[in-house]
$ cat data38.csv   # CSV, C-alpha atoms
chain,number,residue,atom,x,y,z
W,23,MET,CA,137.2,16.1,24.9
W,24,ARG,CA,135.4,16.1,21.6
W,25,ARG,CA,136.0,12.3,21.3
W,26,GLU,CA,134.5,11.7,24.7
W,27,THR,CA,131.3,13.7,23.9
W,28,THR,CA,130.9,11.7,20.7
W,29,ILE,CA,131.2,8.4,22.6
W,30,LEU,CA,128.6,9.6,25.2
W,31,ALA,CA,126.2,10.7,22.5
W,32,GLY,CA,126.6,7.4,20.8
W,33,ALA,CA,125.9,5.5,24.0
W,34,VAL,CA,122.8,7.6,24.7
W,35,ALA,CA,121.6,6.9,21.1
W,36,VAL,CA,122.2,3.1,21.5
W,37,LEU,CA,120.4,3.1,24.8
W,38,ALA,CA,117.4,5.1,23.4
W,39,ALA,CA,117.2,2.7,20.4
W,40,ALA,CA,117.2,-0.3,22.7
W,41,LEU,CA,114.5,1.1,24.9
W,42,PHE,CA,112.4,2.1,21.9
W,43,THR,CA,112.7,-1.5,20.5
W,44,ALA,CA,111.7,-3.0,23.8
W,45,GLY,CA,108.7,-0.7,24.0
W,46,ALA,CA,107.6,-1.5,20.5
W,47,VAL,CA,107.8,-5.2,21.2
W,48,ARG,CA,105.8,-4.8,24.3
W,49,ALA,CA,103.2,-2.7,22.5
W,50,ALA,CA,102.9,-5.4,19.9
W,51,ASP,CA,102.3,-7.9,22.6
W,52,THR,CA,99.5,-5.9,24.2
W,53,ALA,CA,97.7,-5.3,21.0
W,54,ASP,CA,97.1,-9.0,20.6
W,55,THR,CA,96.5,-10.6,23.9
W,56,LYS,CA,97.7,-9.4,27.2
W,57,THR,CA,98.1,-11.8,30.1
W,58,GLY,CA,99.9,-11.4,33.4
W,59,GLY,CA,101.3,-8.2,34.8
W,60,ILE,CA,99.1,-5.3,35.8
W,61,GLY,CA,95.9,-4.8,34.0
W,62,PRO,CA,92.9,-6.9,32.9
W,63,THR,CA,93.1,-9.9,30.6
W,64,ILE,CA,91.9,-8.8,27.2
W,65,LYS,CA,91.2,-11.6,24.7
W,66,ILE,CA,89.6,-11.2,21.4
W,67,PHE,CA,88.2,-14.3,19.8
W,68,LYS,CA,86.3,-13.2,16.7
W,69,GLY,CA,86.6,-10.6,14.1
W,70,ASP,CA,89.5,-8.4,13.1
W,71,LYS,CA,88.4,-5.2,14.6
W,72,CYS,CA,85.7,-3.7,16.8
W,73,VAL,CA,82.7,-1.7,15.6
W,74,ARG,CA,84.6,1.5,16.6
W,75,PRO,CA,88.3,2.2,17.2
W,76,THR,CA,89.6,0.5,20.4
W,77,GLU,CA,90.4,3.8,22.2
W,78,ASP,CA,86.9,5.1,21.5
W,79,MET,CA,85.3,1.9,22.7
W,80,ARG,CA,87.3,1.8,25.9
W,81,ARG,CA,86.0,5.3,26.8
W,82,ASN,CA,82.5,5.3,25.3
W,83,HIS,CA,81.2,1.8,24.9
W,84,MET,CA,78.7,2.3,27.7
W,85,LYS,CA,77.2,5.4,26.0
W,86,TYR,CA,76.8,3.5,22.7
W,87,ILE,CA,75.0,0.5,24.3
W,88,LEU,CA,72.9,2.6,26.5
W,89,HIS,CA,71.6,4.7,23.5
W,90,HIS,CA,71.1,1.6,21.5
W,91,ARG,CA,69.2,-0.1,24.3
W,92,ASP,CA,66.5,2.5,24.4
W,93,GLN,CA,66.2,2.5,20.6
W,94,THR,CA,65.8,-1.2,20.5
W,95,MET,CA,63.4,-1.5,23.5
W,96,HIS,CA,61.1,1.4,22.6
W,97,GLU,CA,61.3,1.7,18.8
W,98,GLY,CA,62.2,-1.8,17.7
W,99,ILE,CA,65.4,-0.7,16.0
W,100,ARG,CA,67.5,-3.8,15.8
W,101,THR,CA,70.8,-2.9,14.1
W,102,THR,CA,73.7,-4.9,15.4
W,103,GLN,CA,76.5,-2.3,15.5
W,104,TYR,CA,76.0,-1.2,19.1
W,105,SER,CA,73.9,-4.1,20.4
W,106,LEU,CA,75.0,-5.9,23.6
W,107,LYS,CA,74.3,-9.2,21.8
W,108,ASN,CA,76.9,-8.2,19.2
W,109,CYS,CA,79.4,-7.5,22.0
W,110,VAL,CA,78.8,-11.0,23.4
W,111,ASP,CA,78.8,-12.7,20.1
W,112,CYS,CA,82.4,-11.6,19.4
W,113,HIS,CA,83.9,-11.4,22.9
W,114,ALA,CA,82.6,-14.6,24.6
W,115,ASP,CA,85.3,-17.1,25.3
W,116,PRO,CA,84.6,-20.2,23.3
W,117,LYS,CA,85.8,-22.4,26.2
W,118,THR,CA,83.4,-21.0,28.8
W,119,ASN,CA,80.8,-19.7,26.3
W,120,SER,CA,80.7,-16.5,28.3
W,121,VAL,CA,82.0,-12.9,28.6
W,122,LEU,CA,82.0,-13.4,32.4
W,123,GLY,CA,84.3,-15.4,34.6
W,124,LYS,CA,87.9,-14.8,35.8
W,125,ASP,CA,89.3,-14.0,32.3
W,126,GLY,CA,86.0,-13.1,30.7
W,127,PHE,CA,86.2,-10.1,28.4
W,128,CYS,CA,83.6,-8.0,30.3
W,129,SER,CA,84.1,-9.1,33.8
W,130,SER,CA,88.0,-9.0,33.9
W,131,CYS,CA,88.1,-5.4,32.8
W,132,HIS,CA,85.3,-4.2,34.9
W,133,GLN,CA,86.8,-5.9,37.9
W,134,PHE,CA,90.1,-4.2,37.2
W,135,ALA,CA,88.4,-0.8,36.9
W,136,ALA,CA,86.3,-1.5,40.1
W,137,VAL,CA,83.0,-1.0,38.1
W,138,SER,CA,80.2,-3.3,38.8
W,139,ILE,CA,78.0,-4.1,35.8
W,140,ASP,CA,74.5,-5.4,36.1
W,141,CYS,CA,73.9,-6.1,32.4
W,142,PHE,CA,74.2,-9.9,32.9
W,143,SER,CA,71.8,-10.2,35.8
W,144,CYS,CA,69.1,-10.1,33.0
W,145,HIS,CA,71.0,-10.5,29.7
W,146,SER,CA,72.6,-13.7,28.6
W,147,PRO,CA,76.4,-13.7,28.8
W,148,SER,CA,76.6,-16.3,26.0
W,149,PRO,CA,76.2,-16.0,22.3
W,150,GLU,CA,73.1,-17.3,20.6
W,151,ASN,CA,73.0,-21.1,19.8
W,152,SER,CA,76.2,-21.7,21.8
W,153,GLY,CA,74.7,-24.1,24.4
W,154,GLN,CA,74.6,-23.4,28.1
W,155,PRO,CA,77.2,-21.1,29.7
W,156,GLN,CA,79.7,-22.8,32.0
W,157,LYS,CA,79.2,-21.8,35.6
W,158,ALA,CA,81.2,-18.6,35.9
W,159,ALA,CA,83.9,-18.5,38.6
W,160,GLU,CA,82.9,-16.7,41.7
W,161,THR,CA,83.8,-13.1,41.2
W,162,ALA,CA,85.3,-10.8,43.8
W,163,PRO,CA,82.2,-8.7,44.4
W,164,SER,CA,80.0,-11.8,45.0
W,165,ARG,CA,82.7,-13.3,47.4
W,166,LEU,CA,82.5,-10.0,49.3
W,167,MET,CA,78.7,-10.1,49.4
W,168,ASN,CA,78.8,-13.7,50.7
W,169,LEU,CA,81.3,-12.7,53.4
W,170,MET,CA,79.2,-9.7,54.4
W,171,ARG,CA,76.1,-11.8,54.6
W,172,LEU,CA,77.8,-14.5,56.7
W,173,SER,CA,79.2,-11.9,59.1
W,174,ALA,CA,75.8,-10.3,59.4
W,175,GLU,CA,74.2,-13.6,60.2
W,176,ASN,CA,76.9,-14.3,62.8
W,177,ALA,CA,76.4,-10.9,64.3
W,178,ARG,CA,72.6,-11.4,64.7
W,179,PRO,CA,71.6,-12.1,68.3
W,180,ARG,CA,70.1,-15.5,68.5
W,181,GLY,CA,66.9,-16.4,70.3
W,182,ASP,CA,65.4,-13.0,70.9
W,183,TYR,CA,63.0,-12.8,68.0
W,184,PRO,CA,59.4,-12.4,68.9
C,22,MET,CA,51.7,32.1,-18.3
C,23,SER,CA,49.5,32.2,-15.2
C,24,LEU,CA,47.5,29.3,-13.8
C,25,SER,CA,43.8,29.6,-13.2
C,26,ARG,CA,42.6,28.5,-9.8
C,27,ARG,CA,41.1,25.3,-11.3
C,28,GLN,CA,44.4,24.4,-13.0
C,29,PHE,CA,46.3,25.0,-9.8
C,30,ILE,CA,44.1,22.7,-7.8
C,31,GLY,CA,44.2,20.1,-10.5
C,32,ILE,CA,48.0,20.0,-10.6
C,33,GLY,CA,48.2,20.1,-6.8
C,34,GLY,CA,45.9,17.1,-6.6
C,35,ALA,CA,48.0,15.1,-9.1
C,36,ALA,CA,51.1,15.9,-7.1
C,37,VAL,CA,49.6,14.8,-3.8
C,38,ALA,CA,48.3,11.5,-5.5
C,39,ALA,CA,51.8,10.9,-6.9
C,40,MET,CA,53.3,11.3,-3.4
C,41,ALA,CA,50.7,9.2,-1.7
C,42,ALA,CA,50.9,6.2,-4.1
C,43,PRO,CA,54.4,5.2,-3.0
C,44,GLY,CA,53.3,5.8,0.6
C,45,LEU,CA,50.5,3.2,0.2
C,46,ARG,CA,53.0,0.8,-1.2
C,47,LEU,CA,55.2,1.3,1.9
C,48,ILE,CA,52.4,0.2,4.1
C,49,GLU,CA,52.1,-3.1,2.2
C,50,LEU,CA,55.9,-3.7,2.4
C,51,ALA,CA,56.1,-2.7,6.0
C,52,ASN,CA,55.8,-6.3,7.2
C,53,ALA,CA,59.4,-6.8,6.3
C,54,ARG,CA,60.8,-3.7,8.1
C,55,SER,CA,64.6,-3.2,7.9
C,56,PRO,CA,66.4,-3.5,11.3
C,57,ALA,CA,67.3,0.2,11.2
C,58,GLU,CA,63.6,1.3,10.9
C,59,ALA,CA,61.5,2.1,13.9
C,60,ALA,CA,58.2,0.4,14.5
C,61,THR,CA,55.4,2.7,13.4
C,62,SER,CA,51.7,3.0,14.0
C,63,LEU,CA,51.0,2.0,10.4
C,64,GLN,CA,50.6,-1.5,11.9
C,65,ARG,CA,48.7,-2.7,14.9
C,66,TRP,CA,49.7,-6.2,15.6
C,67,GLY,CA,46.9,-8.5,16.8
C,68,LEU,CA,46.1,-12.1,17.5
C,69,LEU,CA,42.9,-14.0,16.9
C,70,VAL,CA,42.2,-17.2,18.8
C,71,ASP,CA,39.5,-19.6,17.5
C,72,ILE,CA,38.3,-21.5,20.5
C,73,SER,CA,36.4,-24.1,18.4
C,74,LYS,CA,39.8,-25.2,17.1
C,75,CYS,CA,41.7,-25.0,20.4
C,76,HIS,CA,42.4,-28.5,21.7
C,77,ASP,CA,43.1,-29.6,25.2
C,78,CYS,CA,46.9,-29.2,24.7
C,79,ASP,CA,49.5,-26.8,25.9
C,80,ALA,CA,51.7,-26.5,22.7
C,81,CYS,CA,51.4,-22.7,22.8
C,82,VAL,CA,52.5,-22.5,26.4
C,83,THR,CA,55.4,-24.8,25.9
C,84,ALA,CA,56.5,-23.0,22.7
C,85,CYS,CA,56.4,-19.6,24.5
C,86,SER,CA,58.4,-21.0,27.4
C,87,THR,CA,61.0,-22.5,25.1
C,88,GLU,CA,61.2,-19.3,22.9
C,89,ASN,CA,61.5,-16.8,25.7
C,90,GLY,CA,63.3,-18.9,28.3
C,91,TRP,CA,60.9,-18.6,31.2
C,92,TYR,CA,60.3,-21.5,33.6
C,93,GLY,CA,58.8,-22.2,37.0
C,94,HIS,CA,60.1,-23.4,40.3
C,95,ASN,CA,57.1,-25.6,41.3
C,96,ARG,CA,55.5,-22.7,43.1
C,97,PRO,CA,52.3,-22.1,41.0
C,98,ALA,CA,51.3,-19.0,43.0
C,99,SER,CA,54.4,-17.1,42.1
C,100,ASP,CA,55.9,-18.8,39.0
C,101,PRO,CA,56.2,-16.7,35.9
C,102,GLN,CA,53.4,-17.3,33.4
C,103,TRP,CA,53.5,-15.4,30.1
C,104,ILE,CA,50.6,-17.5,28.6
C,105,ARG,CA,48.3,-19.9,30.3
C,106,LYS,CA,45.4,-22.2,29.4
C,107,VAL,CA,42.1,-21.4,31.0
C,108,THR,CA,39.3,-23.9,31.2
C,109,LEU,CA,35.7,-22.8,30.9
C,110,LYS,CA,32.9,-25.1,32.0
C,111,ASP,CA,29.2,-24.6,31.4
C,112,ASN,CA,27.8,-25.9,34.6
C,113,GLN,CA,24.3,-26.6,33.1
C,114,SER,CA,25.4,-28.6,30.1
C,115,GLY,CA,28.8,-29.7,31.4
C,116,TYR,CA,30.5,-28.5,28.2
C,117,VAL,CA,34.2,-27.8,28.7
C,118,GLU,CA,36.4,-25.6,26.5
C,119,THR,CA,39.9,-24.3,26.9
C,120,LEU,CA,41.6,-21.1,25.7
C,121,PRO,CA,45.0,-19.5,25.9
C,122,VAL,CA,45.1,-16.2,27.8
C,123,MET,CA,48.1,-13.9,27.6
C,124,CYS,CA,48.7,-10.2,27.5
C,125,GLN,CA,45.9,-8.8,25.4
C,126,HIS,CA,48.0,-5.9,24.1
C,127,CYS,CA,45.2,-3.3,24.8
C,128,GLU,CA,45.0,-0.1,22.9
C,129,GLU,CA,44.3,1.6,26.3
C,130,PRO,CA,46.5,-0.5,28.6
C,131,PRO,CA,45.8,-0.1,32.3
C,132,CYS,CA,49.3,-1.3,33.1
C,133,VAL,CA,50.7,1.7,31.3
C,134,ASP,CA,48.4,4.1,33.1
C,135,VAL,CA,49.5,3.0,36.5
C,136,CYS,CA,53.3,2.5,36.0
C,137,PRO,CA,55.1,5.1,38.1
C,138,THR,CA,58.4,5.0,36.1
C,139,GLY,CA,57.2,4.6,32.5
C,140,ALA,CA,58.7,1.1,32.3
C,141,SER,CA,55.3,-0.3,31.2
C,142,PHE,CA,54.7,1.1,27.7
C,143,LYS,CA,53.0,0.6,24.4
C,144,ARG,CA,55.1,0.5,21.3
C,145,ALA,CA,53.9,2.4,18.2
C,146,ASP,CA,52.8,-0.8,16.6
C,147,GLY,CA,50.5,-1.7,19.6
C,148,ILE,CA,52.7,-4.2,21.4
C,149,VAL,CA,52.6,-3.6,25.2
C,150,LEU,CA,56.0,-4.2,26.8
C,151,VAL,CA,58.0,-3.8,30.1
C,152,ASP,CA,61.3,-1.9,29.8
C,153,LYS,CA,63.0,-3.9,32.6
C,154,HIS,CA,65.8,-1.3,32.6
C,155,ILE,CA,63.5,1.1,34.3
C,156,CYS,CA,61.1,-1.3,36.0
C,157,ILE,CA,61.4,-1.0,39.8
C,158,GLY,CA,59.3,-4.1,40.5
C,159,CYS,CA,56.4,-2.3,42.3
C,160,ARG,CA,53.9,-4.6,40.6
C,161,TYR,CA,51.2,-1.9,40.2
C,162,CYS,CA,50.8,-3.1,36.7
C,163,MET,CA,50.1,-6.7,37.9
C,164,MET,CA,47.3,-5.4,40.1
C,165,ALA,CA,45.9,-3.1,37.3
C,166,CYS,CA,45.8,-5.8,34.6
C,167,PRO,CA,42.3,-7.3,34.4
C,168,TYR,CA,43.7,-10.4,32.6
C,169,LYS,CA,46.3,-11.4,35.2
C,170,ALA,CA,48.8,-11.4,32.3
C,171,ARG,CA,51.8,-10.2,34.1
C,172,SER,CA,54.3,-12.1,36.3
C,173,PHE,CA,57.0,-10.9,38.8
C,174,VAL,CA,60.4,-12.6,38.7
C,175,HIS,CA,61.0,-13.7,42.2
C,176,GLU,CA,64.1,-15.8,41.6
C,177,ASP,CA,67.5,-15.3,40.1
C,178,THR,CA,67.3,-16.1,36.4
C,179,THR,CA,69.7,-18.4,34.5
C,180,ASN,CA,70.1,-19.5,30.9
C,181,GLN,CA,68.2,-16.5,29.5
C,182,LYS,CA,67.8,-16.3,25.7
C,183,PRO,CA,70.0,-13.6,24.2
C,184,TYR,CA,66.9,-12.0,22.6
C,185,ALA,CA,64.7,-12.3,25.7
C,186,PRO,CA,66.5,-10.9,28.8
C,187,ARG,CA,64.8,-11.6,32.1
C,188,GLY,CA,65.8,-10.6,35.6
C,189,LYS,CA,64.9,-10.9,39.2
C,190,GLY,CA,62.9,-8.0,40.6
C,191,THR,CA,61.2,-7.0,37.4
C,192,VAL,CA,57.8,-7.7,35.9
C,193,GLU,CA,57.4,-9.5,32.6
C,194,SER,CA,54.6,-10.7,30.3
C,195,CYS,CA,53.9,-11.8,26.7
C,196,THR,CA,55.8,-9.6,24.3
C,197,LEU,CA,54.0,-11.0,21.3
C,198,CYS,CA,57.5,-12.4,20.5
C,199,VAL,CA,58.6,-8.9,19.6
C,200,GLN,CA,62.0,-10.2,18.5
C,201,ARG,CA,60.3,-12.4,15.9
C,202,VAL,CA,57.8,-9.8,14.8
C,203,ASP,CA,60.7,-7.3,14.2
C,204,ALA,CA,62.3,-9.9,12.0
C,205,GLY,CA,59.0,-10.4,10.0
C,206,ARG,CA,58.2,-13.8,11.7
C,207,ILE,CA,55.1,-14.9,13.7
C,208,PRO,CA,54.9,-15.5,17.5
C,209,ALA,CA,56.1,-18.8,18.8
C,210,CYS,CA,52.7,-19.8,20.1
C,211,VAL,CA,51.0,-19.3,16.7
C,212,GLU,CA,53.8,-21.2,15.0
C,213,ALA,CA,53.4,-24.1,17.4
C,214,CYS,CA,49.6,-24.2,17.1
C,215,ASN,CA,50.0,-24.3,13.3
C,216,LYS,CA,52.6,-27.0,13.4
C,217,ASP,CA,50.3,-29.2,15.4
C,218,GLY,CA,47.7,-28.7,12.7
C,219,HIS,CA,45.2,-27.0,15.0
C,220,GLU,CA,45.5,-23.6,13.4
C,221,ALA,CA,43.5,-22.0,16.2
C,222,MET,CA,45.6,-18.8,16.3
C,223,VAL,CA,46.1,-16.2,13.6
C,224,PHE,CA,48.6,-13.4,13.9
C,225,GLY,CA,48.6,-10.3,11.8
C,226,ASP,CA,48.1,-6.6,11.3
C,227,LEU,CA,44.7,-5.3,12.4
C,228,ASN,CA,45.2,-2.1,10.5
C,229,ASP,CA,45.7,-3.9,7.2
C,230,LYS,CA,42.2,-4.7,5.9
C,231,SER,CA,43.6,-7.3,3.5
C,232,SER,CA,45.4,-9.3,6.2
C,233,GLU,CA,44.0,-12.7,7.1
C,234,ILE,CA,43.2,-11.6,10.7
C,235,SER,CA,41.2,-8.6,9.5
C,236,LYS,CA,39.3,-10.7,7.0
C,237,ARG,CA,38.5,-13.3,9.6
C,238,LEU,CA,37.4,-10.6,12.1
C,239,ALA,CA,35.2,-9.0,9.5
C,240,SER,CA,33.5,-12.2,8.4
C,241,ALA,CA,32.6,-13.8,11.7
C,242,PRO,CA,31.6,-12.7,15.2
C,243,SER,CA,34.4,-12.3,17.7
C,244,THR,CA,34.8,-10.9,21.2
C,245,GLN,CA,37.3,-9.3,23.5
C,246,LEU,CA,37.8,-10.5,27.0
C,247,ARG,CA,36.1,-8.1,29.4
C,248,PRO,CA,34.7,-5.9,26.6
C,249,ASP,CA,33.0,-3.8,29.3
C,250,LEU,CA,36.3,-2.2,30.1
C,251,SER,CA,36.6,-0.7,26.6
C,252,LEU,CA,40.4,-1.5,26.4
C,253,ASN,CA,40.2,-2.4,22.7
C,254,THR,CA,42.4,-5.4,23.0
C,255,GLY,CA,44.7,-6.6,20.3
C,256,VAL,CA,44.0,-10.2,21.1
C,257,ARG,CA,40.5,-11.4,20.0
C,258,TYR,CA,38.6,-14.6,20.5
C,259,GLN,CA,36.1,-16.4,18.4
C,260,GLY,CA,33.7,-19.2,19.6
C,261,ILE,CA,33.6,-18.4,23.3

$ encode --input "data38.csv" --output "C-alpha cells"
Amino acid sequence: MRRETTILAGAVAVLAAALFTAGAVRAADTADTKTGGIGPTIKIFKGDKCVRPTEDMRRNHMKYILHHRDQTMHEGIRTTQYSLKNCVDCHADPKTNSVLGKDGFCSSCHQFAAVSIDCFSCHSPSPENSGQPQKAAETAPSRLMNLMRLSAENARPRGDYP
Amino acid sequence: MSLSRRQFIGIGGAAVAAMAAPGLRLIELANARSPAEAATSLQRWGLLVDISKCHDCDACVTACSTENGWYGHNRPASDPQWIRKVTLKDNQSGYVETLPVMCQHCEEPPCVDVCPTGASFKRADGIVLVDKHICIGCRYCMMACPYKARSFVHEDTTNQKPYAPRGKGTVESCTLCVQRVDAGRIPACVEACNKDGHEAMVFGDLNDKSSEISKRLASAPSTQLRPDLSLNTGVRYQGI
C-alpha cells in the first residue's frame, strides 16, 4: 500500500513538472512574438522595453497618451515618453511602415479587443522620415461599413426622388 | 540686534534684485525651451512681412504645404489653404504688389470667442491653434475670422506628417509651425523666403525688445491688416 502511494505521488510530481515546463516554454514564446492561436499579433521591432512595464501599458496606455495629448496641444510640452509619435516610432512594422494593417501593432490588438481607435484618421501611422506608408489592408470595421453602405444603397427605392 | 526700518527695506530690496536677476536671464534663454517646459506668456511670437521685398513667387506657400502636409484637390473654393498670396493693385497707377496672408495670430482672436467647444484657443505664447481633438467642425471660426485664414478639411487625409496631424471634419490654419517654434526653429515660410534670398519675413518674439522683429517694428512704420478691429495681430506688414 505504502509503495503504491509513493508511485502515485511520483507520477503526479512528474506530470506537474512536465506541465510546468511546457507552460514556461509557452510563456517564453509569448514574451517575444506571438503568432497564431487566439489573441492578437504582437510584434516589437525596436527597443528592449516599453516606456512603462507591459502590464501597465496594456491597461493604461490610453490614459497616458490622452494626458500627454492635452499637455502637448495646449502647453507645448513635447517630451517623448508618452507621445503617440514615440509609440509609432518603435512599434511600426518596417515592412509596411505602419502600426496599422492586419498584423499592425495598434490595429491587431484593438481589433481583437473590439475597440475602434480614431487616432490614425488624423495622426500618421508611420514613423518620421520613413517614406510613405503602404496601403493598409482593409480592416474588419471598414469592410463592415462598406457592406452596410452597399446594402443601404440597394435598399433605397429608385426613381421616387423629387 | 534689531533692524531699523530703512535697513530692513534696503536688505529686502537687495534680496528682490538678487531673485529678479536670474529671472531676467531666464527670459533671454527662453528661446531654447526644454521639451518638458510649457510655453509661457514671457514670449509673444510674431511675424513681420516686408512687402517691398516680397516677390511674385509662392516659396512660402509651397514650404508651408510641404512642412505641414496639406494639399488641394483642384477645388479652389474648398481646398485647404494655410497661407495664400494676395495680389493688391492700385487701379489709378496700375502698381501691383503681392503679400502672403495667413492666420494673423491675434491677441484678441475672434475665432476663439465664437468657438462653442474651446477647440479654438490661444496658447500662452500667443500662437492661435485648433485642438482638433475637440473640434466639432461647426466652422463658426471660419466665419468669424476677418482674414479668411481658416480652412475646413472636406476630404479624407493621407500622408500626414507625424508632427502635423490633419483630419476630415475639422478646421485648420497656420500654426506658426508650432512644432518648429517649440524646438527653437523658425517657421517654414520664413526659412524658405530667407533661402531664396528675399528675406521679406522676420520671425521673432514681440515681447523681447532686443529681438530683430521688435527693432524693425520700432524703427519703421508698419501696419496690421484691418487695424480698425483692434485685434492686435501678431503678424505685421511693412510697405503696404

$ interface_residues --input "data38.csv" --of "chain W" --to "chain C" --cutoff "8 Å" --atoms "only C-alpha atoms" --output "list in words"
Met95, His96, Glu97, Gly98, Ile99, Arg100, Thr101, Lys107, Ser143, Cys144, His145, Ser146, Pro147, Ser148, Pro149, Glu150, Gln154 and Pro155 of chain W

$ residues_around --input "data38.csv" --residues "region 111-113 of chain W" --least-positions-apart "5" --cutoff "8 Å" --atoms "all atoms listed in the file" --output "list in words"
Lys65, Ile66, Phe67, Lys68, Gly69, Val121, Phe127, Ser148, Pro149 and Glu150 of chain W

$ atom_distance --input "data38.csv" --atom1 "CA of Cys141 (chain W)" --atom2 "CA of Pro137 (chain C)"
22.6 Å

$ atom_distance --input "data38.csv" --atom1 "CA of Ala80 (chain C)" --atom2 "CA of Cys214 (chain C)"
6.4 Å
